[in-house]
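Trainee: Supplied in structure tokens, the structure appears directly below.
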Amino acid sequence: MASDPLFWLMALSVAAVLIILMMGLGTFGKGGDFNRKNANKIMRWRIGAQLFAVVMIVLFVFLRGEGG
């Protein structure tokens with residue numbers, strides 16, 4: 001599995017969602033002007049990255065899943 005490029009793409013997309021989520025939560029927790037200006041934009045990026053991650057997970061399971 002570690003040599004499968006689709007696995008790494010899936011793992012990177014999940015990591016990107018986590019990074020964007022942590023960035024959004026950090027700005028929300030800190031508050032201030034940056035949060036007011038960028039909170040919605042950051043969460044929209046998270047939703048897009050999350051959609052991509054879900055598609056990658058489903059694609060990986062569909063193409064690499066065993067059994068049936």
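Letters A, B, ... go to the chains of the structure tokens in the order shown; residues in each chain start at 1; ligands are counted from 1 in the same order.
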Counting only C-alpha atoms, what is within 12 Å of segment 36-48 of chain A, bar same-chain residues fewer than 6 positions away, as a list of chain:residue names?
Mentor: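 Here the qualifying residues turn out to be A:Ser13, A:Val14, A:Ala15, A:Ala16, A:Val17, A:Leu18, A:Ile19, A:Ile20, A:Leu21, A:Met22, A:Met23, A:Gly24, A:Leu25, A:Gly26, A:Thr27, A:Phe28, A:Gly29, A:Lys30, A:Val54, A:Val55.
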Trainee: Selected residues, N, CA, C and O atoms, written as a PDB file, in the first residue's frame, please.
Mentor:
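This is the output file selection33.pdb:
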ATOM      1  N   SER A  13      -4.509  14.434   0.700  1.00  0.00           N
ATOM      2  CA  SER A  13      -5.752  15.205   0.693  1.00  0.00           C
ATOM      3  C   SER A  13      -6.377  15.246   2.086  1.00  0.00           C
ATOM      4  O   SER A  13      -6.895  16.289   2.502  1.00  0.00           O
ATOM      5  N   VAL A  14      -6.300  14.149   2.822  1.00  0.00           N
ATOM      6  CA  VAL A  14      -6.804  14.136   4.202  1.00  0.00           C
ATOM      7  C   VAL A  14      -5.948  15.045   5.081  1.00  0.00           C
ATOM      8  O   VAL A  14      -6.470  15.794   5.912  1.00  0.00           O
ATOM      9  N   ALA A  15      -4.637  15.023   4.889  1.00  0.00           N
ATOM     10  CA  ALA A  15      -3.746  15.896   5.658  1.00  0.00           C
ATOM     11  C   ALA A  15      -4.024  17.364   5.341  1.00  0.00           C
ATOM     12  O   ALA A  15      -3.990  18.215   6.240  1.00  0.00           O
ATOM     13  N   ALA A  16      -4.318  17.667   4.086  1.00  0.00           N
ATOM     14  CA  ALA A  16      -4.638  19.049   3.712  1.00  0.00           C
ATOM     15  C   ALA A  16      -5.902  19.527   4.412  1.00  0.00           C
ATOM     16  O   ALA A  16      -5.966  20.667   4.883  1.00  0.00           O
ATOM     17  N   VAL A  17      -6.901  18.656   4.502  1.00  0.00           N
ATOM     18  CA  VAL A  17      -8.128  19.010   5.223  1.00  0.00           C
ATOM     19  C   VAL A  17      -7.810  19.304   6.682  1.00  0.00           C
ATOM     20  O   VAL A  17      -8.283  20.295   7.250  1.00  0.00           O
ATOM     21  N   LEU A  18      -6.987  18.471   7.289  1.00  0.00           N
ATOM     22  CA  LEU A  18      -6.620  18.675   8.687  1.00  0.00           C
ATOM     23  C   LEU A  18      -5.883  19.995   8.890  1.00  0.00           C
ATOM     24  O   LEU A  18      -6.178  20.745   9.825  1.00  0.00           O
ATOM     25  N   ILE A  19      -4.954  20.299   8.000  1.00  0.00           N
ATOM     26  CA  ILE A  19      -4.193  21.555   8.107  1.00  0.00           C
ATOM     27  C   ILE A  19      -5.110  22.761   7.954  1.00  0.00           C
ATOM     28  O   ILE A  19      -5.043  23.717   8.745  1.00  0.00           O
ATOM     29  N   ILE A  20      -5.993  22.727   6.968  1.00  0.00           N
ATOM     30  CA  ILE A  20      -6.914  23.846   6.755  1.00  0.00           C
ATOM     31  C   ILE A  20      -7.865  23.984   7.942  1.00  0.00           C
ATOM     32  O   ILE A  20      -8.150  25.106   8.391  1.00  0.00           O
ATOM     33  N   LEU A  21      -8.342  22.859   8.469  1.00  0.00           N
ATOM     34  CA  LEU A  21      -9.225  22.898   9.634  1.00  0.00           C
ATOM     35  C   LEU A  21      -8.522  23.502  10.842  1.00  0.00           C
ATOM     36  O   LEU A  21      -9.072  24.364  11.531  1.00  0.00           O
ATOM     37  N   MET A  22      -7.296  23.089  11.100  1.00  0.00           N
ATOM     38  CA  MET A  22      -6.537  23.630  12.234  1.00  0.00           C
ATOM     39  C   MET A  22      -6.273  25.128  12.049  1.00  0.00           C
ATOM     40  O   MET A  22      -6.357  25.900  13.006  1.00  0.00           O
ATOM     41  N   MET A  23      -5.985  25.530  10.822  1.00  0.00           N
ATOM     42  CA  MET A  23      -5.766  26.943  10.548  1.00  0.00           C
ATOM     43  C   MET A  23      -7.049  27.743  10.803  1.00  0.00           C
ATOM     44  O   MET A  23      -7.014  28.811  11.431  1.00  0.00           O
ATOM     45  N   GLY A  24      -8.169  27.223  10.369  1.00  0.00           N
ATOM     46  CA  GLY A  24      -9.444  27.899  10.593  1.00  0.00           C
ATOM     47  C   GLY A  24      -9.813  27.970  12.057  1.00  0.00           C
ATOM     48  O   GLY A  24     -10.281  29.003  12.543  1.00  0.00           O
ATOM     49  N   LEU A  25      -9.595  26.872  12.776  1.00  0.00           N
ATOM     50  CA  LEU A  25      -9.890  26.879  14.212  1.00  0.00           C
ATOM     51  C   LEU A  25      -8.962  27.822  14.967  1.00  0.00           C
ATOM     52  O   LEU A  25      -9.377  28.486  15.918  1.00  0.00           O
ATOM     53  N   GLY A  26      -7.713  27.884  14.530  1.00  0.00           N
ATOM     54  CA  GLY A  26      -6.760  28.794  15.170  1.00  0.00           C
ATOM     55  C   GLY A  26      -7.152  30.248  14.992  1.00  0.00           C
ATOM     56  O   GLY A  26      -7.098  31.032  15.943  1.00  0.00           O
ATOM     57  N   THR A  27      -7.560  30.600  13.781  1.00  0.00           N
ATOM     58  CA  THR A  27      -7.970  31.990  13.561  1.00  0.00           C
ATOM     59  C   THR A  27      -9.275  32.297  14.277  1.00  0.00           C
ATOM     60  O   THR A  27      -9.465  33.401  14.773  1.00  0.00           O
ATOM     61  N   PHE A  28     -10.159  31.316  14.350  1.00  0.00           N
ATOM     62  CA  PHE A  28     -11.421  31.510  15.064  1.00  0.00           C
ATOM     63  C   PHE A  28     -11.165  31.703  16.551  1.00  0.00           C
ATOM     64  O   PHE A  28     -11.764  32.568  17.190  1.00  0.00           O
ATOM     65  N   GLY A  29     -10.286  30.893  17.106  1.00  0.00           N
ATOM     66  CA  GLY A  29      -9.978  30.991  18.526  1.00  0.00           C
ATOM     67  C   GLY A  29      -9.277  32.290  18.886  1.00  0.00           C
ATOM     68  O   GLY A  29      -9.515  32.864  19.949  1.00  0.00           O
ATOM     69  N   LYS A  30      -8.420  32.761  18.001  1.00  0.00           N
ATOM     70  CA  LYS A  30      -7.689  34.005  18.256  1.00  0.00           C
ATOM     71  C   LYS A  30      -8.580  35.217  18.051  1.00  0.00           C
ATOM     72  O   LYS A  30      -8.452  36.221  18.738  1.00  0.00           O
ATOM     73  N   VAL A  54     -12.834  13.140   0.217  1.00  0.00           N
ATOM     74  CA  VAL A  54     -13.864  12.091   0.192  1.00  0.00           C
ATOM     75  C   VAL A  54     -13.870  11.385  -1.154  1.00  0.00           C
ATOM     76  O   VAL A  54     -13.967  10.150  -1.224  1.00  0.00           O
ATOM     77  N   VAL A  55     -13.738  12.144  -2.229  1.00  0.00           N
ATOM     78  CA  VAL A  55     -13.690  11.530  -3.562  1.00  0.00           C
ATOM     79  C   VAL A  55     -12.472  10.616  -3.678  1.00  0.00           C
ATOM     80  O   VAL A  55     -12.571   9.497  -4.207  1.00  0.00           O
TER      81      VAL A  55
END
Trainee: Show which residues sit within 12 Å of Arg64 of chain A, as a list in words. Count only C-alpha atoms, and ignore same-chain residues fewer than 2 positions away.
Mentor: Met1, Asp4, Pro5, Leu6, Phe7, Met56, Ile57, Val58, Leu59, Phe60, Val61, Phe62, Glu66, Gly67 and Gly68 of chain A
Trainee: Could you write out that same residue set with N, CA and C atoms as a tab-separated table (two decimals), in the first residue's frame?
Mentor:
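Saved result, part10.tsv, follows:
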chain	number	residue	atom	x	y	z
A	1	MET	N	0.82	-1.18	0.00
A	1	MET	CA	0.00	0.00	0.00
A	1	MET	C	0.87	1.26	0.00
A	4	ASP	N	1.69	2.69	-3.41
A	4	ASP	CA	0.56	3.04	-4.26
A	4	ASP	C	0.39	4.57	-4.32
A	5	PRO	N	0.54	5.18	-5.50
A	5	PRO	CA	0.42	6.64	-5.59
A	5	PRO	C	-0.98	7.15	-5.23
A	6	LEU	N	-2.00	6.34	-5.50
A	6	LEU	CA	-3.37	6.75	-5.14
A	6	LEU	C	-3.53	6.82	-3.63
A	7	PHE	N	-2.88	5.92	-2.91
A	7	PHE	CA	-2.90	5.96	-1.45
A	7	PHE	C	-2.28	7.25	-0.94
A	56	MET	N	-11.33	11.05	-3.17
A	56	MET	CA	-10.12	10.22	-3.21
A	56	MET	C	-10.27	8.94	-2.39
A	57	ILE	N	-10.90	9.05	-1.23
A	57	ILE	CA	-11.11	7.88	-0.38
A	57	ILE	C	-12.03	6.88	-1.09
A	58	VAL	N	-13.13	7.37	-1.63
A	58	VAL	CA	-14.08	6.49	-2.33
A	58	VAL	C	-13.42	5.87	-3.55
A	59	LEU	N	-12.67	6.66	-4.30
A	59	LEU	CA	-11.97	6.14	-5.47
A	59	LEU	C	-10.96	5.08	-5.08
A	60	PHE	N	-10.21	5.33	-4.01
A	60	PHE	CA	-9.22	4.36	-3.54
A	60	PHE	C	-9.90	3.05	-3.15
A	61	VAL	N	-10.96	3.15	-2.36
A	61	VAL	CA	-11.66	1.93	-1.92
A	61	VAL	C	-12.26	1.21	-3.11
A	62	PHE	N	-12.82	1.95	-4.05
A	62	PHE	CA	-13.45	1.33	-5.22
A	62	PHE	C	-12.41	0.63	-6.11
A	66	GLU	N	-10.66	-5.10	-2.05
A	66	GLU	CA	-10.70	-6.52	-2.37
A	66	GLU	C	-12.03	-7.09	-1.93
A	67	GLY	N	-12.43	-8.16	-2.55
A	67	GLY	CA	-13.71	-8.77	-2.21
A	67	GLY	C	-14.81	-8.15	-3.05
A	68	GLY	N	-16.00	-8.31	-2.58
A	68	GLY	CA	-16.96	-7.66	-3.39
A	68	GLY	C	-18.33	-8.07	-3.19
